[in-house]
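J.: Pasting entry.cif below, which is mmCIF, C-alpha atoms.
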```
data_start
#
loop_
_atom_site.label_atom_id
_atom_site.label_comp_id
_atom_site.auth_asym_id
_atom_site.auth_seq_id
_atom_site.Cartn_x
_atom_site.Cartn_y
_atom_site.Cartn_z
CA MET X 26 -10.20 2.17 41.35
CA GLU X 27 -6.44 2.00 41.90
CA LEU X 28 -5.02 -0.76 39.73
CA ASN X 29 -2.36 -3.10 40.97
CA GLU X 30 0.55 -2.40 38.58
CA ASN X 31 1.52 -6.07 38.71
CA ASN X 32 -1.73 -7.17 37.11
CA ILE X 33 -1.65 -4.66 34.31
CA GLY X 34 -0.91 -5.66 30.74
CA TRP X 35 0.42 -8.78 29.07
CA SER X 36 3.29 -11.01 30.15
CA ARG X 37 6.27 -11.51 27.83
CA GLU X 38 4.80 -14.82 26.71
CA GLU X 39 1.42 -13.24 25.99
CA MET X 40 3.11 -10.48 24.00
CA ALA X 41 4.90 -13.09 21.92
CA GLN X 42 1.61 -14.89 21.41
CA LYS X 43 0.00 -11.68 20.10
CA VAL X 44 2.82 -11.25 17.57
CA ALA X 45 2.51 -14.88 16.48
CA LEU X 46 -1.20 -14.39 15.75
CA ASP X 47 -0.30 -11.69 13.20
CA ILE X 48 2.10 -13.92 11.26
CA PRO X 49 0.23 -15.53 8.35
CA ASP X 50 0.56 -19.13 7.19
CA GLY X 51 3.53 -19.65 4.91
CA ALA X 52 5.46 -16.55 6.05
CA TYR X 53 9.24 -16.37 6.09
CA VAL X 54 10.18 -14.72 9.36
CA ASN X 55 13.37 -13.45 10.98
CA LEU X 56 13.29 -13.13 14.77
CA GLY X 57 15.63 -10.72 16.53
CA ILE X 58 17.58 -11.58 19.64
CA GLY X 59 15.81 -11.72 23.03
CA MET X 60 12.05 -11.39 23.42
CA PRO X 61 11.39 -11.86 19.66
CA GLU X 62 12.75 -15.41 19.96
CA LEU X 63 9.72 -16.32 22.11
CA VAL X 64 7.40 -15.77 19.14
CA ALA X 65 8.45 -19.10 17.60
CA ASP X 66 6.78 -20.95 20.50
CA TYR X 67 3.31 -19.66 19.66
CA VAL X 68 2.61 -20.37 15.98
CA PRO X 69 -1.15 -20.95 15.87
CA GLU X 70 -2.40 -24.43 15.04
CA GLY X 71 -2.61 -25.12 11.32
CA ARG X 72 -0.06 -22.50 10.27
CA GLU X 73 3.38 -23.28 8.90
CA VAL X 74 5.96 -20.53 9.37
CA ILE X 75 9.59 -20.76 8.27
CA TYR X 76 12.21 -19.04 10.41
CA HIS X 77 15.31 -17.49 8.90
CA THR X 78 18.38 -16.90 11.00
CA GLU X 79 20.88 -14.60 9.35
CA ASN X 80 23.88 -16.73 10.23
CA GLY X 81 22.83 -19.11 7.48
CA LEU X 82 19.73 -21.23 8.08
CA LEU X 83 16.24 -21.20 6.65
CA GLY X 84 14.03 -23.55 8.65
CA MET X 85 15.15 -22.96 12.24
CA GLY X 86 13.55 -25.45 14.61
CA PRO X 87 13.03 -25.52 18.38
CA VAL X 88 15.66 -25.49 21.13
CA PRO X 89 17.36 -28.91 21.33
CA GLU X 90 17.62 -31.23 24.32
CA GLU X 91 20.87 -30.79 26.23
CA SER X 92 22.29 -33.98 24.72
CA GLU X 93 21.39 -32.89 21.16
CA LYS X 94 23.16 -29.53 21.28
CA ASP X 95 25.52 -28.99 18.38
CA PRO X 96 28.07 -26.18 18.73
CA GLU X 97 27.92 -25.64 14.98
CA LEU X 98 24.14 -25.19 14.87
CA ILE X 99 23.25 -21.86 16.49
CA ASN X 100 21.02 -18.86 15.80
CA ALA X 101 21.80 -15.16 15.48
CA GLY X 102 21.67 -14.89 19.28
CA LYS X 103 24.42 -17.57 19.40
CA LYS X 104 21.98 -19.98 21.07
CA HIS X 105 21.70 -23.68 20.21
CA ILE X 106 18.90 -24.51 17.81
CA THR X 107 17.74 -27.31 15.54
CA ALA X 108 16.91 -27.46 11.83
CA ILE X 109 13.51 -28.63 10.63
CA LYS X 110 12.90 -31.12 7.83
CA GLY X 111 13.16 -29.16 4.59
CA ALA X 112 15.68 -26.70 6.06
CA CYS X 113 18.72 -25.45 4.15
CA PHE X 114 22.06 -23.91 5.03
CA PHE X 115 23.81 -21.15 3.05
CA HIS X 116 26.62 -18.64 3.29
CA HIS X 117 26.31 -15.17 4.73
CA ALA X 118 26.04 -13.25 1.46
CA ASP X 119 23.17 -15.50 0.36
CA SER X 120 21.55 -14.96 3.73
CA PHE X 121 21.63 -11.20 3.26
CA THR X 122 20.42 -11.59 -0.32
CA MET X 123 17.27 -12.96 1.32
CA ILE X 124 17.11 -9.98 3.68
CA ARG X 125 18.14 -7.06 1.48
CA GLY X 126 16.45 -8.49 -1.62
CA LYS X 127 13.05 -8.23 0.12
CA HIS X 128 12.47 -11.97 0.28
CA ILE X 129 11.78 -12.17 4.05
CA ASP X 130 8.16 -11.35 4.88
CA ILE X 131 8.37 -10.30 8.51
CA CYS X 132 11.07 -9.38 11.00
CA VAL X 133 10.32 -9.13 14.71
CA LEU X 134 12.76 -6.91 16.59
CA GLY X 135 13.28 -5.50 20.05
CA ALA X 136 13.81 -1.74 20.36
CA PHE X 137 15.15 0.99 22.63
CA GLN X 138 12.81 3.49 21.01
CA VAL X 139 10.19 3.68 18.26
CA SER X 140 9.00 7.02 16.94
CA VAL X 141 5.57 8.17 15.85
CA ASP X 142 6.86 7.96 12.25
CA GLY X 143 7.98 4.36 12.64
CA ASP X 144 11.66 5.15 13.12
CA ILE X 145 13.44 2.53 15.19
CA ALA X 146 16.52 2.77 17.42
CA ASN X 147 17.77 -0.57 18.66
CA TRP X 148 21.52 -0.79 18.25
CA SER X 149 23.21 1.94 20.26
CA THR X 150 22.36 4.17 23.18
CA GLY X 151 24.98 6.57 21.83
CA LYS X 152 26.37 7.00 25.34
CA PRO X 153 30.00 8.06 25.45
CA GLY X 154 32.20 5.06 26.05
CA ALA X 155 29.50 2.56 25.02
CA ILE X 156 30.70 0.11 22.39
CA PRO X 157 28.29 0.20 19.45
CA ALA X 158 27.19 -3.11 17.90
CA VAL X 159 24.88 -3.21 14.92
CA GLY X 160 25.01 -6.79 13.60
CA GLY X 161 22.31 -7.41 10.99
CA ALA X 162 19.77 -4.92 12.32
CA MET X 163 20.22 -2.22 9.67
CA ASP X 164 20.02 -4.75 6.83
CA LEU X 165 16.87 -6.23 8.33
CA VAL X 166 15.00 -2.95 8.68
CA ALA X 167 16.13 -1.87 5.19
CA GLY X 168 15.15 -5.10 3.48
CA VAL X 169 12.41 -7.05 5.21
CA LYS X 170 8.88 -6.36 3.94
CA ARG X 171 7.21 -5.86 7.35
CA ILE X 172 8.89 -4.85 10.62
CA PHE X 173 7.20 -5.69 13.92
CA VAL X 174 8.61 -4.43 17.21
CA ILE X 175 8.08 -6.28 20.48
CA THR X 176 9.12 -4.34 23.56
CA GLN X 177 8.11 -3.31 27.07
CA HIS X 178 6.03 -0.14 26.83
CA ASN X 179 8.24 1.76 29.24
CA THR X 180 11.87 1.60 30.28
CA LYS X 181 12.76 0.29 33.75
CA ASP X 182 12.76 3.88 35.03
CA GLY X 183 9.33 4.53 33.57
CA LYS X 184 10.18 6.43 30.38
CA SER X 185 8.08 5.93 27.26
CA LYS X 186 9.83 3.85 24.60
CA ILE X 187 7.35 5.22 22.07
CA VAL X 188 8.56 8.74 21.35
CA ASN X 189 8.10 11.75 19.08
CA ASN X 190 11.67 11.54 17.87
CA CYS X 191 14.18 8.86 18.71
CA THR X 192 16.98 10.33 20.81
CA TYR X 193 19.15 7.27 20.30
CA PRO X 194 20.93 6.73 16.95
CA LEU X 195 18.52 5.30 14.37
CA THR X 196 18.61 1.78 12.99
CA GLY X 197 16.15 2.75 10.25
CA LYS X 198 13.70 5.49 9.39
CA GLY X 199 9.95 4.98 8.89
CA VAL X 200 10.10 1.20 8.86
CA VAL X 201 8.03 -0.08 11.79
CA GLU X 202 4.53 -1.34 11.00
CA THR X 203 3.28 -2.48 14.42
CA ILE X 204 4.46 -2.18 18.02
CA TYR X 205 3.57 -4.95 20.47
CA THR X 206 4.08 -3.87 24.08
CA ASP X 207 2.95 -5.21 27.44
CA LEU X 208 0.21 -2.56 27.42
CA ALA X 209 -1.06 -2.49 23.84
CA ILE X 210 -0.77 -3.36 20.18
CA ILE X 211 -0.19 -0.15 18.24
CA ASP X 212 -0.20 0.23 14.45
CA VAL X 213 2.07 2.89 12.99
CA LYS X 214 0.19 4.71 10.25
CA LYS X 215 0.77 7.82 8.19
CA ASP X 216 -1.61 9.86 10.33
CA GLY X 217 -0.50 8.60 13.71
CA LEU X 218 -0.28 5.74 16.16
CA PHE X 219 -3.48 3.70 16.27
CA VAL X 220 -4.25 1.51 19.28
CA ARG X 221 -5.54 -1.80 17.96
CA GLU X 222 -5.81 -3.71 21.25
CA MET X 223 -5.08 -3.06 24.91
CA GLY X 224 -3.78 -5.56 27.47
CA PRO X 225 -5.65 -6.81 30.53
CA ASN X 226 -6.63 -4.03 32.95
CA VAL X 227 -5.31 -1.33 30.62
CA ASN X 228 -7.65 1.47 29.61
CA PHE X 229 -6.92 4.21 27.09
CA GLU X 230 -6.34 6.84 29.75
CA TYR X 231 -3.76 4.67 31.49
CA LEU X 232 -2.10 3.81 28.18
CA GLN X 233 -1.89 7.45 27.12
CA LYS X 234 -0.48 8.44 30.51
CA HIS X 235 2.37 5.98 29.93
CA THR X 236 3.07 7.10 26.36
CA GLU X 237 5.01 10.21 25.34
CA VAL X 238 3.10 10.77 22.10
CA PRO X 239 -0.64 11.15 21.49
CA LEU X 240 -2.31 7.87 20.59
CA ILE X 241 -5.41 7.41 18.49
CA GLN X 242 -8.11 5.05 19.71
CA MET T 5 0.75 -25.46 5.37
CA ILE T 6 3.25 -24.52 2.70
CA ASN T 7 2.83 -26.35 -0.59
CA LYS T 8 4.25 -24.66 -3.66
CA ILE T 9 3.58 -27.59 -5.95
CA VAL T 10 1.01 -26.94 -8.69
CA SER T 11 -0.48 -29.55 -10.98
CA SER T 12 0.46 -28.42 -14.48
CA PRO T 13 2.72 -26.05 -16.43
CA ALA T 14 -0.46 -24.26 -17.57
CA GLU T 15 -1.46 -23.57 -13.96
CA ALA T 16 2.09 -22.51 -13.14
CA VAL T 17 2.20 -19.77 -15.80
CA ALA T 18 -1.45 -18.70 -15.61
CA ASP T 19 -0.71 -15.33 -13.93
CA ILE T 20 1.89 -14.06 -16.40
CA PHE T 21 0.68 -10.77 -17.84
CA ASP T 22 1.26 -8.79 -21.04
CA GLY T 23 4.35 -6.60 -20.82
CA ALA T 24 6.00 -8.70 -18.11
CA LEU T 25 9.76 -8.92 -17.70
CA ILE T 26 10.62 -12.61 -17.55
CA MET T 27 13.93 -14.30 -16.84
CA ILE T 28 14.36 -17.71 -18.45
CA SER T 29 17.09 -20.07 -17.25
CA GLY T 30 19.35 -22.03 -19.53
CA PHE T 31 22.62 -21.79 -21.38
CA GLY T 32 21.90 -23.13 -24.78
CA GLU T 33 19.56 -26.03 -24.23
CA ALA T 34 20.96 -26.98 -20.80
CA GLY T 35 18.58 -25.75 -18.12
CA SER T 36 16.01 -24.31 -20.53
CA PRO T 37 12.50 -24.84 -19.08
CA ILE T 38 10.92 -25.88 -22.38
CA GLU T 39 7.63 -27.12 -20.93
CA LEU T 40 7.07 -23.86 -19.03
CA ILE T 41 7.89 -21.83 -22.15
CA HIS T 42 5.44 -23.91 -24.21
CA ALA T 43 2.77 -23.38 -21.55
CA LEU T 44 3.49 -19.64 -21.79
CA ILE T 45 3.01 -19.77 -25.58
CA ASP T 46 -0.37 -21.48 -25.00
CA GLN T 47 -1.26 -18.93 -22.30
CA GLY T 48 -0.80 -16.05 -24.75
CA ALA T 49 0.96 -13.27 -22.80
CA LYS T 50 2.64 -10.85 -25.19
CA ASN T 51 4.82 -7.76 -25.32
CA LEU T 52 7.29 -9.55 -23.08
CA THR T 53 10.85 -8.60 -22.23
CA ILE T 54 12.93 -11.73 -21.84
CA VAL T 55 16.24 -12.03 -20.00
CA SER T 56 18.05 -15.18 -21.07
CA ASN T 57 21.61 -15.89 -22.11
CA ASN T 58 20.64 -16.96 -25.64
CA THR T 59 17.58 -16.68 -27.86
CA GLY T 60 16.69 -20.34 -28.37
CA SER T 61 17.20 -22.77 -31.22
CA GLY T 62 15.05 -24.25 -33.95
CA HIS T 63 11.31 -23.66 -33.55
CA VAL T 64 10.77 -24.89 -29.98
CA GLY T 65 11.17 -23.40 -26.51
CA LEU T 66 12.38 -19.79 -26.35
CA ALA T 67 12.77 -19.62 -30.14
CA ALA T 68 9.09 -20.60 -30.53
CA LEU T 69 8.03 -17.91 -28.02
CA ILE T 70 9.95 -15.34 -30.07
CA GLU T 71 8.62 -16.75 -33.36
CA HIS T 72 5.05 -16.25 -32.11
CA LYS T 73 5.81 -12.51 -31.68
CA ARG T 74 5.31 -12.55 -27.93
CA VAL T 75 8.68 -10.95 -27.20
CA LYS T 76 9.32 -7.26 -27.79
CA LYS T 77 12.81 -7.22 -26.33
CA MET T 78 15.61 -9.66 -25.51
CA ILE T 79 18.23 -8.91 -22.88
CA CYS T 80 21.00 -11.45 -23.47
CA SER T 81 24.70 -11.98 -24.06
CA PHE T 82 24.73 -14.22 -27.12
CA PRO T 83 21.63 -13.98 -29.29
CA ARG T 84 22.71 -16.54 -31.85
CA THR T 85 23.73 -20.14 -31.44
CA ALA T 86 23.68 -23.19 -33.68
CA ASN T 87 20.26 -23.60 -35.30
CA SER T 88 19.24 -20.16 -34.12
CA THR T 89 17.36 -18.47 -36.96
CA VAL T 90 14.19 -17.07 -35.40
CA PHE T 91 15.75 -14.19 -33.47
CA PRO T 92 18.30 -13.23 -36.18
CA ASP T 93 15.51 -13.05 -38.78
CA LEU T 94 13.24 -10.84 -36.65
CA TYR T 95 16.14 -8.67 -35.50
CA SER T 96 17.35 -8.01 -39.03
CA LYS T 97 13.80 -6.94 -39.91
CA GLY T 98 13.73 -4.58 -36.93
CA GLU T 99 10.86 -6.48 -35.32
CA ILE T 100 12.52 -7.22 -31.98
CA GLU T 101 14.75 -5.15 -29.70
CA LEU T 102 18.04 -6.36 -28.30
CA GLU T 103 19.96 -5.24 -25.23
CA LEU T 104 23.32 -6.93 -25.50
CA VAL T 105 25.06 -7.49 -22.15
CA PRO T 106 28.41 -9.19 -21.48
CA GLN T 107 27.72 -12.57 -19.91
CA GLY T 108 29.39 -11.83 -16.57
CA THR T 109 27.62 -8.48 -16.36
CA LEU T 110 24.32 -10.20 -17.17
CA ALA T 111 24.86 -12.71 -14.35
CA GLU T 112 25.90 -10.00 -11.91
CA ARG T 113 22.97 -7.74 -12.88
CA ILE T 114 20.60 -10.61 -12.08
CA ARG T 115 22.43 -11.46 -8.85
CA ALA T 116 22.38 -7.80 -7.77
CA GLY T 117 18.68 -7.47 -8.59
CA GLY T 118 17.91 -10.45 -6.40
CA ALA T 119 20.09 -9.21 -3.57
CA GLY T 120 18.62 -5.70 -3.37
CA ILE T 121 21.70 -4.04 -4.88
CA PRO T 122 20.52 -1.47 -7.46
CA ALA T 123 23.84 -0.91 -9.25
CA PHE T 124 27.50 -1.92 -9.21
CA PHE T 125 30.78 -1.26 -11.04
CA THR T 126 32.48 -3.76 -13.34
CA PRO T 127 35.57 -3.56 -15.57
CA SER T 128 33.83 -5.54 -18.34
CA SER T 129 32.99 -3.49 -21.46
CA VAL T 130 34.96 -0.38 -20.45
CA ASN T 131 36.33 1.29 -23.63
CA THR T 132 33.87 -0.62 -25.81
CA PRO T 133 30.59 0.42 -27.46
CA LEU T 134 28.68 -1.51 -24.74
CA ALA T 135 29.83 1.06 -22.18
CA ASP T 136 28.73 4.06 -24.28
CA GLY T 137 26.68 6.55 -22.30
CA LYS T 138 27.20 4.73 -19.01
CA GLU T 139 28.72 6.18 -15.87
CA LEU T 140 32.43 5.44 -15.48
CA ARG T 141 34.41 5.62 -12.27
CA GLU T 142 37.99 4.90 -11.34
CA PHE T 143 38.90 2.70 -8.39
CA GLU T 144 42.63 2.48 -7.60
CA GLY T 145 43.37 3.95 -11.00
CA VAL T 146 41.32 1.43 -12.99
CA PRO T 147 38.17 2.50 -14.86
CA TYR T 148 34.90 0.67 -14.21
CA VAL T 149 31.45 1.05 -15.72
CA MET T 150 28.28 1.26 -13.65
CA GLU T 151 25.67 -1.37 -14.42
CA PHE T 152 22.20 -1.71 -12.92
CA GLY T 153 20.67 -4.72 -11.17
CA ILE T 154 17.71 -6.32 -12.97
CA LYS T 155 14.52 -7.48 -11.31
CA ALA T 156 11.91 -9.56 -13.06
CA ASP T 157 8.19 -10.03 -12.71
CA PHE T 158 8.64 -13.76 -13.32
CA SER T 159 11.45 -16.25 -13.65
CA LEU T 160 11.00 -19.57 -15.43
CA VAL T 161 13.59 -22.06 -14.25
CA LYS T 162 14.34 -25.74 -14.79
CA CYS T 163 15.80 -27.86 -12.02
CA GLU T 164 16.49 -31.49 -11.18
CA ALA T 165 14.57 -31.91 -7.91
CA ALA T 166 12.27 -29.82 -5.73
CA ASP T 167 10.33 -30.28 -2.48
CA ARG T 168 7.10 -28.61 -1.41
CA TYR T 169 8.97 -25.70 0.23
CA GLY T 170 10.58 -24.96 -3.14
CA ASN T 171 14.09 -26.08 -2.17
CA LEU T 172 15.93 -26.94 -5.39
CA ILE T 173 18.91 -28.84 -6.71
CA TYR T 174 20.12 -28.73 -10.29
CA ASN T 175 21.84 -31.12 -12.69
CA LYS T 176 25.38 -30.49 -13.90
CA THR T 177 25.76 -27.44 -16.19
CA ALA T 178 21.99 -27.02 -16.38
CA ARG T 179 22.40 -25.03 -13.14
CA ASN T 180 23.86 -21.97 -14.96
CA PHE T 181 21.56 -18.94 -14.48
CA GLY T 182 18.85 -20.80 -12.53
CA PRO T 183 19.84 -20.01 -8.94
CA ILE T 184 20.31 -16.26 -9.50
CA MET T 185 17.16 -15.94 -11.61
CA CYS T 186 15.20 -17.53 -8.76
CA THR T 187 16.31 -14.70 -6.48
CA ALA T 188 15.56 -11.86 -8.88
CA ALA T 189 11.87 -12.37 -9.69
CA GLU T 190 8.74 -11.37 -7.86
CA THR T 191 7.32 -14.77 -8.86
CA THR T 192 9.67 -17.65 -9.59
CA ILE T 193 8.14 -20.63 -11.38
CA VAL T 194 10.14 -23.84 -11.51
CA GLN T 195 9.79 -27.07 -13.44
CA ALA T 196 11.39 -29.99 -11.63
CA LYS T 197 12.29 -33.38 -13.04
CA ARG T 198 11.64 -34.95 -9.64
CA LEU T 199 9.36 -33.91 -6.77
CA VAL T 200 10.77 -35.11 -3.47
CA GLU T 201 9.76 -35.14 0.19
CA LEU T 202 10.96 -32.53 2.67
CA GLY T 203 14.34 -33.63 3.98
CA ASP T 204 15.22 -35.70 0.91
CA ILE T 205 17.51 -32.91 -0.24
CA ASP T 206 20.43 -32.68 2.20
CA PRO T 207 20.16 -29.23 3.88
CA GLU T 208 23.87 -28.76 3.12
CA CYS T 209 23.26 -29.34 -0.59
CA VAL T 210 20.18 -27.22 -1.30
CA VAL T 211 21.25 -24.87 -4.11
CA THR T 212 18.16 -22.65 -4.22
CA PRO T 213 16.51 -22.16 -0.82
CA GLY T 214 12.72 -22.38 -1.05
CA ILE T 215 12.25 -18.74 -0.06
CA PHE T 216 13.10 -17.76 -3.63
CA VAL T 217 10.49 -20.01 -5.25
CA LYS T 218 6.72 -19.45 -5.56
CA LYS T 219 5.52 -22.34 -7.74
CA VAL T 220 6.87 -25.76 -8.62
CA VAL T 221 5.53 -28.12 -11.25
CA GLY T 222 6.78 -31.63 -11.83
CA VAL T 223 7.88 -32.37 -15.43
CA ASN T 224 9.42 -35.78 -15.07
CA ASN T 225 10.30 -36.33 -18.69
CA PRO T 226 11.39 -32.93 -20.05
CA ALA T 227 11.90 -32.51 -23.78
CA ASP T 228 15.37 -32.88 -25.23
CA GLU T 229 15.78 -29.72 -27.30
CA SER T 230 18.46 -31.11 -29.63
CA GLN T 231 16.29 -34.10 -30.40
CA LEU T 232 13.28 -31.89 -31.15
CA ILE T 233 15.41 -29.83 -33.52
CA ALA T 234 16.86 -32.94 -35.19
CA ASP T 235 13.29 -34.16 -35.65
CA GLU T 236 12.35 -30.74 -37.12
CA ARG T 237 9.60 -30.24 -34.58
CA ASN T 238 7.81 -26.90 -34.19
CA TYR T 239 5.80 -25.69 -31.22
CA PRO T 240 2.78 -25.80 -31.18
CA TRP T 241 3.51 -29.36 -32.24
CA ASN T 242 3.53 -29.95 -35.96
#
```
What does this structure look like when you write it as structure tokens?
T.:
Amino acid sequence: MELNENNIGWSREEMAQKVALDIPDGAYVNLGIGMPELVADYVPEGREVIYHTENGLLGMGPVPEESEKDPELINAGKKHITAIKGACFFHHADSFTMIRGKHIDICVLGAFQVSVDGDIANWSTGKPGAIPAVGGAMDLVAGVKRIFVITQHNTKDGKSKIVNNCTYPLTGKGVVETIYTDLAIIDVKKDGLFVREMGPNVNFEYLQKHTEVPLIQ
Amino acid sequence: MINKIVSSPAEAVADIFDGALIMISGFGEAGSPIELIHALIDQGAKNLTIVSNNTGSGHVGLAALIEHKRVKKMICSFPRTANSTVFPDLYSKGEIELELVPQGTLAERIRAGGAGIPAFFTPSSVNTPLADGKELREFEGVPYVMEFGIKADFSLVKCEAADRYGNLIYNKTARNFGPIMCTAAETTIVQAKRLVELGDIDPECVVTPGIFVKKVVGVNNPADESQLIADERNYPWN
């Protein structure tokens, strides 16, 4: 049966929900800019998760009402946020003490590419003339205990974002634990990429066809 | 639900194991978590390496832990203070090891350990016996010695107030090594004079963010070390 490509896989919100399910109660979590920010909306009932934003807040709360926006209360993506009860503010070096000192439990990042060995490239396409911007990404992948990647499975022109070797400059080597895409949840292990779950209307054959590297079922 | 508050000092220190490296806050008696140290004496862990600025006074707190032969090595800057006899006696008999570290280097080694920085260069101790055998390097013509960050299995810290997330504030000069020791241990155990609700500590004024703290126990009437010494008390209580 020919599948309608529009009904294949998870939506962005469903992907975020899948990530949220894997974040245990009591975890300290840093969310990258973009799709990772959606994860905060889907903490399962009964769990308490504390969000760290590297510009100096532990205990990031939801997006404020328009009238409550404070220009001096923003997240790493420079978006307006709130602070929960029990939050605290600190300076940048303390913030990166939390990151580099292995105090943050989980970081959820977007990626250009993830390799079979868990390498991640998410800061520069390396194209001539492109202006590189790294921000806190290299500190996060070097210091956070568990790195989750949330990304579309393929680029807009259909290329696999899961690759044998990253062709873009690396952010970190051998750091990614799990990849959450619109097509599947894939665990990066020493002996390969293991498919843990597939999205709606995705079968293994379809998934493999859309992935540059061999997957293990 | 996050709730780091435990019901007793005994419960707080229950997991401390033989051979552990433990940081203990305090500068002299200010900030010394006496009730946690006494619970550790009761708990029985031995062969410990302790990082603390001093070695305790009289026969209570850190001095009592040392007196009960639980400590194989002290890493500190000033191992004798007024009324400090326990450590000097054992040290002169060769029954306890000492790693002497300049105070600023000690603080920075703890800070670096907590921040994921394995080593750093400092001008302190260059051209002295404390720099013997250590790597030296010149920056802009000035010699510096390389020192290593320290990480602990446990930190025992005293604070003024804590909430269930483990956010802490301290009191006056009892703050001293507390905040950095909280960052440098796998398991940080805190005794707090007051337990407060979330939000009671102004987010701008939190000194130790809760991420650095694993367990909090309320000790609302902590012992006054000077008074115990004046009263010639020993732990376990005589």
J.: Quick one: everything within 9 Å of Ile6 of chain T, counting only C-alpha atoms, minus sequence neighbours fewer than 3 positions away in the same chain. Send it as JSON, numbers by chain.
T.: {"X": [50, 51, 52, 72, 73, 74], "T": [168, 169]}
J.: Emit as AutoDock Vina command-line options the padded axis-aligned box for all listed atoms of segment 112-120 of chain T, 8 Å per side, with centre and edge lengths in Å to one decimal.
T.:
```
--center_x 21.9 --center_y -8.6 --center_z -8.1 --size_x 24.0 --size_y 21.8 --size_z 25.5
```
J.: Got a sec to resolve the PyMOL selection byres ((chain X and resi 191) around 8) on this structure and send the residues as an MDAnalysis selection string?
T.: chainID X and resid 138:140 144:146 188:190 192:195
J.: Taking the file above as input, evaluate the PyMOL selection byres ((chain X and resi 206) around 9) and report the hits as an MDAnalysis selection string.
T.: chainID X and resid 34:35 37 40 174:179 204:205 207:211 224
J.: Identify all residues satisfying the PyMOL selection byres ((chain X and resi 237-240) around 7) in the given file; provide them as a ChimeraX atom specification.
T.: /X:185,187-189,218-220,233,235-236,241-242
J.: Please check which residues have atoms at most 10 Å from (23.5, -14.1, 20.0) in the file's coordinates, counting only C-alpha atoms, and write them as a list in words.
T.: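 Protein and nucleic acid residues near the point are Gly57, Ile58, Gly59, Ile99, Asn100, Ala101, Gly102, Lys103, Lys104, His105 and Gly160 of chain X.
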